[in-house]
Every structure is written in structure tokens, then in C-alpha cells.
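Enquirer: So that we are looking at the same thing, I have put the structure below in C-alpha cells.
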There are 2 protein chains.
Amino acid sequence: MGERNILIALPENKNRRTISKRLRQDGYSVIYKRSGQDVLDYVQQEIPLIIIMGADLPKVSGWEVCKQLKLDRLTKKIGVVLYADERDDNEVILGLEMGADEFITADESIREIIARINALSRRIIIANNHIKVKDIEIDLDEHRVRKDGAPIDLTYIQFKLLYLLASRREDIFSRQEILERVWGKRVYVTNRTVDVHIKRLREKLGEFQYPSEYIQTIHGKGYRFI
Amino acid sequence: MGERNILIALPENKNRRTISKRLRQDGYSVIYKRSGQDVLDYVQQEIPLIIIMGADLPKVSGWEVCKQLKLDRLTKKIGVVLYADERDDNEVILGLEMGADEFITADESIREIIARINALSRRIIIANNHIKVKDIEIDLDEHRVRKDGAPIDLTYIQFKLLYLLASRREDIFSRQEILERVWGKRVYVTNRTVDVHIKRLREKLGEFQYPSEYIQTIHGKGYRFI
DNA sequence: TCTGTTTTGCAATTTACATGCCAAATATTA
DNA sequence: TAATATTTGGCATGTAAATTGCAAAACAGA
């Protein structure tokens with residue numbers, strides 16, 4: 001999810017050129033792909049912010065790509081914009097079911113199309129820097145954590161630790177992995193220290209009884225946020 | 001299903017050399033076979049991740065090999081890529097019916113071919129690490145088991161035991177075999193211990209009455225997952 | 001720079017957990 | 001029914017995790 005990359009998979013025509021030009025003016029970098037398969041291959045390497053694609057792409061249709069993207073944890077955050085020549089409500093419904101975020105049609109003005117892409121882009125950027133799990137909210141930009149809306153003061157390490165775990169719910173992190181990711185590659189800190197920080201974090205999250213509601217201990221493996 | 005082994009059964013030419021080289025660069029190990037029969041013989045010993053073969057192999061055609069592979073429980077997980085000099089839609093349909101996973105033709109760019117093989121490889125690895133049986137789901141990567149979507153916490157041994165049984169449904173495992181596969185080759189653990197772990201596992205799977213819905217006891221032989 | 005405060009890391013202690021085995025109870029087979 | 005297998009609960013043991021207090025380090029404000 002580098003920065004402001006947009007992947008466009010549309011047949012080359014005047015419309016595509018205009019959209020690309022306007023997006024570039026707005027500070028996005030634009031990449032083209034031809035087929036649905038190409039799109040799927042590309043996202044294995046790079047995660048664009050948004051993909052704009054025709055509903056009727058060759059090889060793998062836009063709907064199918066959309067569905068696949070939304071299935072994978074790593075790619076489901078990508079904003080998906082489906083493009084059709086004309087508006088068809090059934091298609092819109094189908095697309096929404098597949099998890100598409102926006103629909104644009106050839107008969108809309110470029111101005112409107114760009115406005116909607118920009119709006120989507122903002123929504124995604126905010127969503128990416130903002131994690132909400134149960135009653136806990138984590139805001140990366142503000143460096144702030146809230147529980148039920150009330151701010152919780154975490155120290156530097158506690159915040160990084162929480163963010164690491166919460167940004168990849170369900171994933172188990174070993175103590176070693178946590179050390180490397182929170183403290184950095186070259187650490188001379190004991191594994192046990194992680195336990196202590198987990199405890200202090202749990203405390204601040206308002207957990208005074210065992211087992212924890214948020215941070216689960218996987219015996220012999222590590223911790224995970226649930 | 002060792003790691004990232006790819007078996008190539010294609011006539012030697014520039015194309016084959018290029019593909020092999022690129023695959024090796026991507027971290028696969030590549031093995032060659034000549035005829036369809038050779039391929040069938042080989043998979044009795046080793047299970048590669050993917051087989052790339054010409055549709056018109058000598059002795060046994062690629063289609064025939066494909067069909068045979070997909071019939072056998074042990075080999076049907078192998079990804080099959082059929083290669084033809086030119087695209088023929090009828091052949092593609094035939095191949096799909098036979099269970100082939102991908103088709104590549106000489107006129108595609110190497111880059112695209114490699115991308116599609118990589119994508120296939122990922123799909124297979126994911127599918128192999130995820131078992132779904134009845135209402136039980138087992139995810140090897142996440143070290144997580146779910147029943148009706150609700151997570152079940154298993155210990156290390158319990159998880160390995162369940163995974164072993166579930167990965168080969170219907171197969172009966174003797175206690176000795178279970179010991180070797182779950183505890184490792186050199187164990188000094190009683191056979192009876194297996195029973196105890198089976199019991200604990202059944203308990204966690206929510207089975208409090210006899211006989212078990214998931215893990216069947218074969219008197220005098222062992223256990224199997226049904 | 002000094003001083004008080006907070007944060008952090010560690011070691012010692014306590015607690016929880018997973019595992020293996022036994023023995024009694026129960027089931028299966030012949 | 002006798003002989004054999006399996007299930008089950010309990011218990012001991014070793015190991016992993018949680019907790020706690022303390023001291024060093026980092027930090028903030030005067």
C-alpha cells in the first residue's frame with residue numbers, strides 16, 4: 001500500500017487517457033494492465049491504493065477480480081472501481097456483492113469521476129491508518145488509542161506493540177518476531193521482556209483478569225490480537 | 001508436496017530453457033522428465049508442487065497424465081500446467097475437463113507464463129494449508145481451528161494430531177504411525193498416550209458422547225477422521 | 001545542568017499449562 | 001463369557017507464562 005498508486009485496467013481510449021491525465025495531475029501515479037489475470041498477478045507484487053477496471057476485462061472479468069481481491073487479507077484493502085459503458089442496476093448490485101467500492105460509467109462527467117475517486121482515496125487512506133477492533137480504536141496518525149471513545153495513554157513501546165498485533169489480527173507473533181518488529185533488528189533485550197510489556201499493555205486496555213479479551217497467549221508460540 | 005518443486009515435461013528447446021531458468025531464479029527447483037509415463041512413475045516417489053507438460057507427450061499424452069493425476073487422492077493436489085504450441089479453444093476445454101489448472105502457449109510472453117505459474121503456486125500452497133471438513137476448518141499457517149466459524153484453541157500436539165488425521169480423511173492411522181508423525185521418529189511415549197490425546201481432542205471438538213462424529217476408532221487398528 | 005518523574009529491562013517468584021502415564025471403568029471381539 | 005482394547009479421570013512433572021519489585025535509563029521541566 002505504497003502511496004498513491006492507481007492501477008487502471010481499461011481498454012485504451014480517449015476516456016482512459018483523460019482520466020489518467022487528471023489523476024496524475026492530482027498526484028497519483030498510474031499504472032496500466034490489460035487483463036484481469038494481469039491485475040491479479042500484479043497485486044501479488046505491489047498493492048495499489050485503487051484499481052479502476054472494466055467490468056468486462058479479458059481472461060478474468062472485473063467482477064471476478066474484485067471477488068478474488070476481497071477474499072485475500074492482503075489485497076482486500078484495495079479500493080475497487082468498476083467501469084462500465086452504461087449504467088445497469090443489476091450489474092451494480094452484482095458488483096456491490098462482490099465488494100466493489102465505486103461504479104463509474106462512460107456517461108458521467110470526468111469531473112465527477114475524478115471527484116469520486118478522490119473521495120474513495122481519502123476514505124481508504126483514513127481507513128488504513130485507523131484500526132477499529134471491538135471497542136478499541138487505534139489511530140496511527142494521531143498516535144492515539146481509545147477505548148469506548150475514551151483516550152488511553154500508551155508509552156512508545158506499548159503503542160508499537162499494540163499496533164503490530166492489532167494491524168494483523170489473528171496472526172500469531174512469536175516473542176522473537178515481536179522484538180524484531182517493535183524494538184528493531186538489533187536488540188539485546190530478553191524474550192521475557194515482551195511478556196512484561198504485554199502485561200502492562202493489557203493493564204492499560206483495562207484487563208485485570210486472565211485470560212485477556214484482546215491479546216491472546218498462544219502457549220509455546222507467542223501472542224495474537226483477537 | 002515437499003516445497004517448491006516443479007516437474008517439467010517439455011521437449012528441450014529455447015523456451016524450456018528460459019522458463020526453467022526463470023523458475024529457478026524465483027526459488028523453485030526444477031526437474032525434467034521426458035515421457036508421460038516417466039511423469040506418472042515419478043509422482044509415485046515424489047509429489048511436486050506443479051507439473052508443466054506438453055499436451056502431446058510421448059507414450060502417454062499430457063491430457064491422459066492429467067486425468068490420471070486428478071484421479072488419485074495423493075496426486076490430485078499437484079498443479080497441472082498444459083503447454084501447447086498454439087492456443088486451441090477446444091483443447092483448452094478438454095484440458096479443463098481433465099482437471100488441468102493452467103494453459104500456456106508458445107506465443108505468450110515468458111513474463112506472463114511465469115506470472116501465471118507463480119499465481120498457481122500460491123493458490124496451491126494456500127489450498128494445501130487449509131483443510132475444510134464438515135463444519136471444521138483447519139488453517140496450518142494461522143495455527144487455528146474453527147468449528148462453525150468459531151475458533152477452537154488446541155495445544156501443539158492436539159493441533160498436529162488433528163491436522164494429520166484430517167489431511168488424510170478416511171485413512172486409518174495406527175497408534176505407532178501417529179506417534180511417529182506427531183511426536184517424531186524417536187519417541188519414548190506409550191501407545192496409550194495417543195488415546196489420551198485423541199480423547200482431549202474429541203473433547204475440544206465438542207464431542208462429549210460416543211461414538212465420535214469426527215474421529216472414528218477402528219478397533220485393533222487405530223483412528224481415522226471421517 | 002540539576003531534579004523529579006516516567007519508562008524500560010531484568011530477575012525472582014508465583015501461577016498456569018501441556019503432557020505423559022497409570023489404573024479403573026467401559027466397550028468390543030471372538 | 002473370557003480375553004483384549006479402548007476410554008476416561010486423576011495425578012505428577014517439567015516447562016512456559018504472568019506477575020512483581022527494583023534499579024537503570026530516558027525524559028521533561030525548571
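Every chain in the C-alpha cells has a letter given in the order shown (A, B, ...), and although residue numbers restart at 1 in each chain, ligands are simply numbered from 1 in the order shown.
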List every residue of chain B that has an atom at most 8 Å from any atom of chain D, and for each one report the closest atom pair and its distance in Å to one decimal, counting only C-alpha atoms (C1' of nucleotides), with rows sorted by chain and then by increasing residue number, as a tab-separated table.

Expert:
residue	atom	partner	partner_atom	distance
B:Asp195	CA	D:DT6	C1'	7.8
B:Lys199	CA	D:DT7	C1'	7.8
B:His219	CA	D:DA5	C1'	7.0
B:Gly220	CA	D:DA5	C1'	6.8

Enquirer: Among the residues of stretch 89-145 of chain B, find those DSSP assigns to helix (DSSP H, G or I) from the backbone and print them as a list of chain:residue names.

Expert: B:Asp89, B:Asn90, B:Glu91, B:Val92, B:Ile93, B:Leu94, B:Gly95, B:Leu96, B:Glu97, B:Met98, B:Ile110, B:Arg111, B:Glu112, B:Ile113, B:Ile114, B:Ala115, B:Arg116, B:Ile117, B:Asn118, B:Ala119, B:Leu120, B:Ser121, B:Arg122, B:Arg123, B:Ile124, B:Ile125, B:Ile126, B:Ala127, B:Asn128

Enquirer: Taking C-alpha atoms for each residue, export the selection above as a short mmCIF file (atom, residue, chain, number, x, y, z; two decimals), in the first residue's frame.

Expert:
data_model
loop_
_atom_site.label_atom_id
_atom_site.label_comp_id
_atom_site.auth_asym_id
_atom_site.auth_seq_id
_atom_site.Cartn_x
_atom_site.Cartn_y
_atom_site.Cartn_z
CA ASP B 89 -10.08 -23.44 -27.50
CA ASN B 90 -11.31 -26.99 -27.90
CA GLU B 91 -8.15 -28.29 -26.36
CA VAL B 92 -8.45 -25.84 -23.53
CA ILE B 93 -11.93 -27.05 -22.78
CA LEU B 94 -10.82 -30.65 -22.95
CA GLY B 95 -7.95 -29.90 -20.64
CA LEU B 96 -10.14 -28.16 -18.13
CA GLU B 97 -12.41 -31.17 -18.05
CA MET B 98 -9.40 -33.29 -17.35
CA ILE B 110 7.74 -15.59 -20.74
CA ARG B 111 6.87 -12.94 -18.22
CA GLU B 112 3.22 -13.80 -18.39
CA ILE B 113 3.87 -17.51 -18.24
CA ILE B 114 5.97 -17.14 -15.13
CA ALA B 115 3.42 -14.87 -13.53
CA ARG B 116 0.71 -17.43 -14.07
CA ILE B 117 2.81 -20.24 -12.70
CA ASN B 118 3.58 -18.14 -9.65
CA ALA B 119 -0.08 -17.40 -9.15
CA LEU B 120 -0.94 -21.06 -9.44
CA SER B 121 1.78 -21.92 -6.98
CA ARG B 122 0.35 -19.52 -4.44
CA ARG B 123 -3.14 -20.86 -4.89
CA ILE B 124 -1.94 -24.38 -4.31
CA ILE B 125 0.12 -23.53 -1.27
CA ILE B 126 -2.83 -21.73 0.29
CA ALA B 127 -5.21 -24.54 -0.56
CA ASN B 128 -2.81 -27.08 0.90
#

Enquirer: Any chance you could tabulate, as JSON lines, the residues of chain C at most 10 Å from chain A with each one's nearest atom pair and distance in Å to one decimal, using only C-alpha atoms (C1' of nucleotides), in chain and rising number order?

Expert:
{"residue": "C:DT6", "atom": "C1'", "partner": "A:Thr155", "partner_atom": "CA", "distance": 9.5}
{"residue": "C:DT7", "atom": "C1'", "partner": "A:Thr155", "partner_atom": "CA", "distance": 7.6}
{"residue": "C:DT8", "atom": "C1'", "partner": "A:Ile157", "partner_atom": "CA", "distance": 9.1}
{"residue": "C:DG9", "atom": "C1'", "partner": "A:Thr193", "partner_atom": "CA", "distance": 6.5}
{"residue": "C:DC10", "atom": "C1'", "partner": "A:Thr193", "partner_atom": "CA", "distance": 7.6}
{"residue": "C:DC17", "atom": "C1'", "partner": "A:His219", "partner_atom": "CA", "distance": 7.8}
{"residue": "C:DA18", "atom": "C1'", "partner": "A:His219", "partner_atom": "CA", "distance": 8.8}

Enquirer: Which residues, written as a list in words, have at least one atom at most 12 Å from A:Leu71, with only C-alpha atoms (C1' of nucleotides) counted and residues fewer than 6 positions away on the same chain left out?

Expert: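 In the requested format, the answer is Glu64, Val65, Lys77, Ile78, Met98 and Gly99 of chain A.
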
Enquirer: Please determine the contact residues of chain A with respect to chain B at a cut-off of 7 Å, counting only C-alpha atoms, and supply them as an MDAnalysis selection string.

Expert: chainID A and resid 41 171:172

Enquirer: Put those residues in a file: all heavy atoms, as a CSV table (one decimal), in the first residue's frame.

Expert:
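Ended up saving to again-v9.csv:
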chain,number,residue,atom,x,y,z
A,41,ASP,N,-2.0,-10.9,-11.0
A,41,ASP,CA,-0.6,-11.1,-10.9
A,41,ASP,C,0.1,-9.9,-10.2
A,41,ASP,O,0.9,-10.0,-9.3
A,41,ASP,CB,0.0,-11.4,-12.2
A,41,ASP,CG,-0.4,-12.8,-12.8
A,41,ASP,OD1,-0.9,-13.6,-12.0
A,41,ASP,OD2,-0.4,-12.9,-14.0
A,171,ASP,N,-3.1,-13.1,13.4
A,171,ASP,CA,-1.7,-13.6,13.2
A,171,ASP,C,-1.0,-13.8,14.5
A,171,ASP,O,-1.1,-13.0,15.4
A,171,ASP,CB,-0.9,-12.6,12.4
A,171,ASP,CG,-1.3,-12.8,10.9
A,171,ASP,OD1,-2.3,-13.4,10.6
A,171,ASP,OD2,-0.5,-12.2,10.1
A,172,ILE,N,-0.3,-14.9,14.6
A,172,ILE,CA,0.5,-15.2,15.8
A,172,ILE,C,1.9,-14.6,15.7
A,172,ILE,O,2.5,-14.8,14.7
A,172,ILE,CB,0.6,-16.7,16.1
A,172,ILE,CG1,-0.8,-17.3,16.3
A,172,ILE,CG2,1.4,-16.9,17.4
A,172,ILE,CD1,-0.8,-18.8,16.4

Enquirer: Calculate how many Å separate atom CA of A:Val43 from atom CA of A:Gly184, rounding to one decimal.

Expert: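 It comes out at 27.6 Å.
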
Enquirer: Just the residues within 7 Å of stretch 3-19 of chain A, please, counting only C-alpha atoms (C1' of nucleotides), with nothing from its chain fewer than 4 positions along; format it as a list in words.

Expert: Leu23, Tyr28, Ser29, Val30, Ile31, Tyr32, Lys33, Arg34, Ser35, Pro48, Leu49, Ile50, Ile51, Ile52, Met53, Gly54 and Ile110 of chain A

Enquirer: What are the DSSP strand (DSSP E) residues of stretch 27-123 of chain A, as a list in words?

Expert: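 Written out, the strand (DSSP E) residues of stretch 27-123 of chain A are Ser29, Val30, Ile31, Tyr32, Ile50, Ile51, Ile52, Met53, Gly54, Gly79, Val80, Val81, Leu82, Tyr83, Ala84, Glu102, Phe103, Ile104 and Thr105 of chain A.
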
Enquirer: I'd like the contact shell of A:Glu180 - 12 Å cut-off, only C-alpha atoms (C1' of nucleotides), skipping same-chain residues fewer than 3 positions apart - returned as a VMD selection string.

Expert: chain A and resid 160 to 161 164 173 to 177 183 to 191 194

Enquirer: Take the residues from that selection and write them out as a PDB file, in the first residue's frame, keeping N, CA and C atoms.

Expert:
ATOM      1  N   LYS A 160       3.492   0.757  19.835  1.00  0.00           N
ATOM      2  CA  LYS A 160       4.005  -0.035  18.708  1.00  0.00           C
ATOM      3  C   LYS A 160       3.576  -1.482  18.829  1.00  0.00           C
ATOM      4  N   LEU A 161       3.640  -1.991  20.032  1.00  0.00           N
ATOM      5  CA  LEU A 161       3.259  -3.372  20.277  1.00  0.00           C
ATOM      6  C   LEU A 161       1.793  -3.602  19.943  1.00  0.00           C
ATOM      7  N   LEU A 164       1.202  -3.309  16.165  1.00  0.00           N
ATOM      8  CA  LEU A 164       1.680  -4.503  15.460  1.00  0.00           C
ATOM      9  C   LEU A 164       0.661  -5.625  15.553  1.00  0.00           C
ATOM     10  N   PHE A 173       2.312 -13.817  16.643  1.00  0.00           N
ATOM     11  CA  PHE A 173       3.675 -13.297  16.620  1.00  0.00           C
ATOM     12  C   PHE A 173       4.482 -13.961  17.724  1.00  0.00           C
ATOM     13  N   SER A 174       5.598 -14.524  17.360  1.00  0.00           N
ATOM     14  CA  SER A 174       6.482 -15.075  18.383  1.00  0.00           C
ATOM     15  C   SER A 174       7.171 -13.912  19.103  1.00  0.00           C
ATOM     16  N   ARG A 175       7.690 -14.211  20.271  1.00  0.00           N
ATOM     17  CA  ARG A 175       8.368 -13.155  21.029  1.00  0.00           C
ATOM     18  C   ARG A 175       9.529 -12.576  20.220  1.00  0.00           C
ATOM     19  N   GLN A 176      10.250 -13.462  19.550  1.00  0.00           N
ATOM     20  CA  GLN A 176      11.383 -13.017  18.751  1.00  0.00           C
ATOM     21  C   GLN A 176      10.917 -12.046  17.665  1.00  0.00           C
ATOM     22  N   GLU A 177       9.842 -12.419  17.022  1.00  0.00           N
ATOM     23  CA  GLU A 177       9.298 -11.586  15.959  1.00  0.00           C
ATOM     24  C   GLU A 177       8.859 -10.232  16.520  1.00  0.00           C
ATOM     25  N   TRP A 183      11.227  -3.513  18.651  1.00  0.00           N
ATOM     26  CA  TRP A 183      12.484  -2.942  19.134  1.00  0.00           C
ATOM     27  C   TRP A 183      13.463  -2.689  17.988  1.00  0.00           C
ATOM     28  N   GLY A 184      13.302  -3.427  16.905  1.00  0.00           N
ATOM     29  CA  GLY A 184      14.215  -3.273  15.789  1.00  0.00           C
ATOM     30  C   GLY A 184      15.121  -4.477  15.674  1.00  0.00           C
ATOM     31  N   LYS A 185      15.807  -4.557  14.540  1.00  0.00           N
ATOM     32  CA  LYS A 185      16.579  -5.749  14.201  1.00  0.00           C
ATOM     33  C   LYS A 185      17.625  -6.103  15.253  1.00  0.00           C
ATOM     34  N   ARG A 186      18.348  -5.098  15.694  1.00  0.00           N
ATOM     35  CA  ARG A 186      19.442  -5.376  16.614  1.00  0.00           C
ATOM     36  C   ARG A 186      19.007  -5.063  18.037  1.00  0.00           C
ATOM     37  N   VAL A 187      18.552  -6.077  18.699  1.00  0.00           N
ATOM     38  CA  VAL A 187      18.085  -5.875  20.067  1.00  0.00           C
ATOM     39  C   VAL A 187      18.876  -6.745  21.011  1.00  0.00           C
ATOM     40  N   TYR A 188      19.063  -6.241  22.190  1.00  0.00           N
ATOM     41  CA  TYR A 188      19.704  -7.033  23.223  1.00  0.00           C
ATOM     42  C   TYR A 188      18.760  -7.096  24.409  1.00  0.00           C
ATOM     43  N   VAL A 189      17.572  -7.481  24.101  1.00  0.00           N
ATOM     44  CA  VAL A 189      16.529  -7.490  25.119  1.00  0.00           C
ATOM     45  C   VAL A 189      16.016  -8.914  25.253  1.00  0.00           C
ATOM     46  N   THR A 190      15.764  -9.278  26.482  1.00  0.00           N
ATOM     47  CA  THR A 190      15.319 -10.639  26.752  1.00  0.00           C
ATOM     48  C   THR A 190      13.915 -10.891  26.206  1.00  0.00           C
ATOM     49  N   ASN A 191      13.677 -12.142  25.850  1.00  0.00           N
ATOM     50  CA  ASN A 191      12.342 -12.541  25.426  1.00  0.00           C
ATOM     51  C   ASN A 191      11.296 -12.220  26.491  1.00  0.00           C
ATOM     52  N   VAL A 194       9.215  -9.083  26.659  1.00  0.00           N
ATOM     53  CA  VAL A 194       7.983  -8.955  25.884  1.00  0.00           C
ATOM     54  C   VAL A 194       6.782  -9.240  26.769  1.00  0.00           C
TER      55      VAL A 194
END
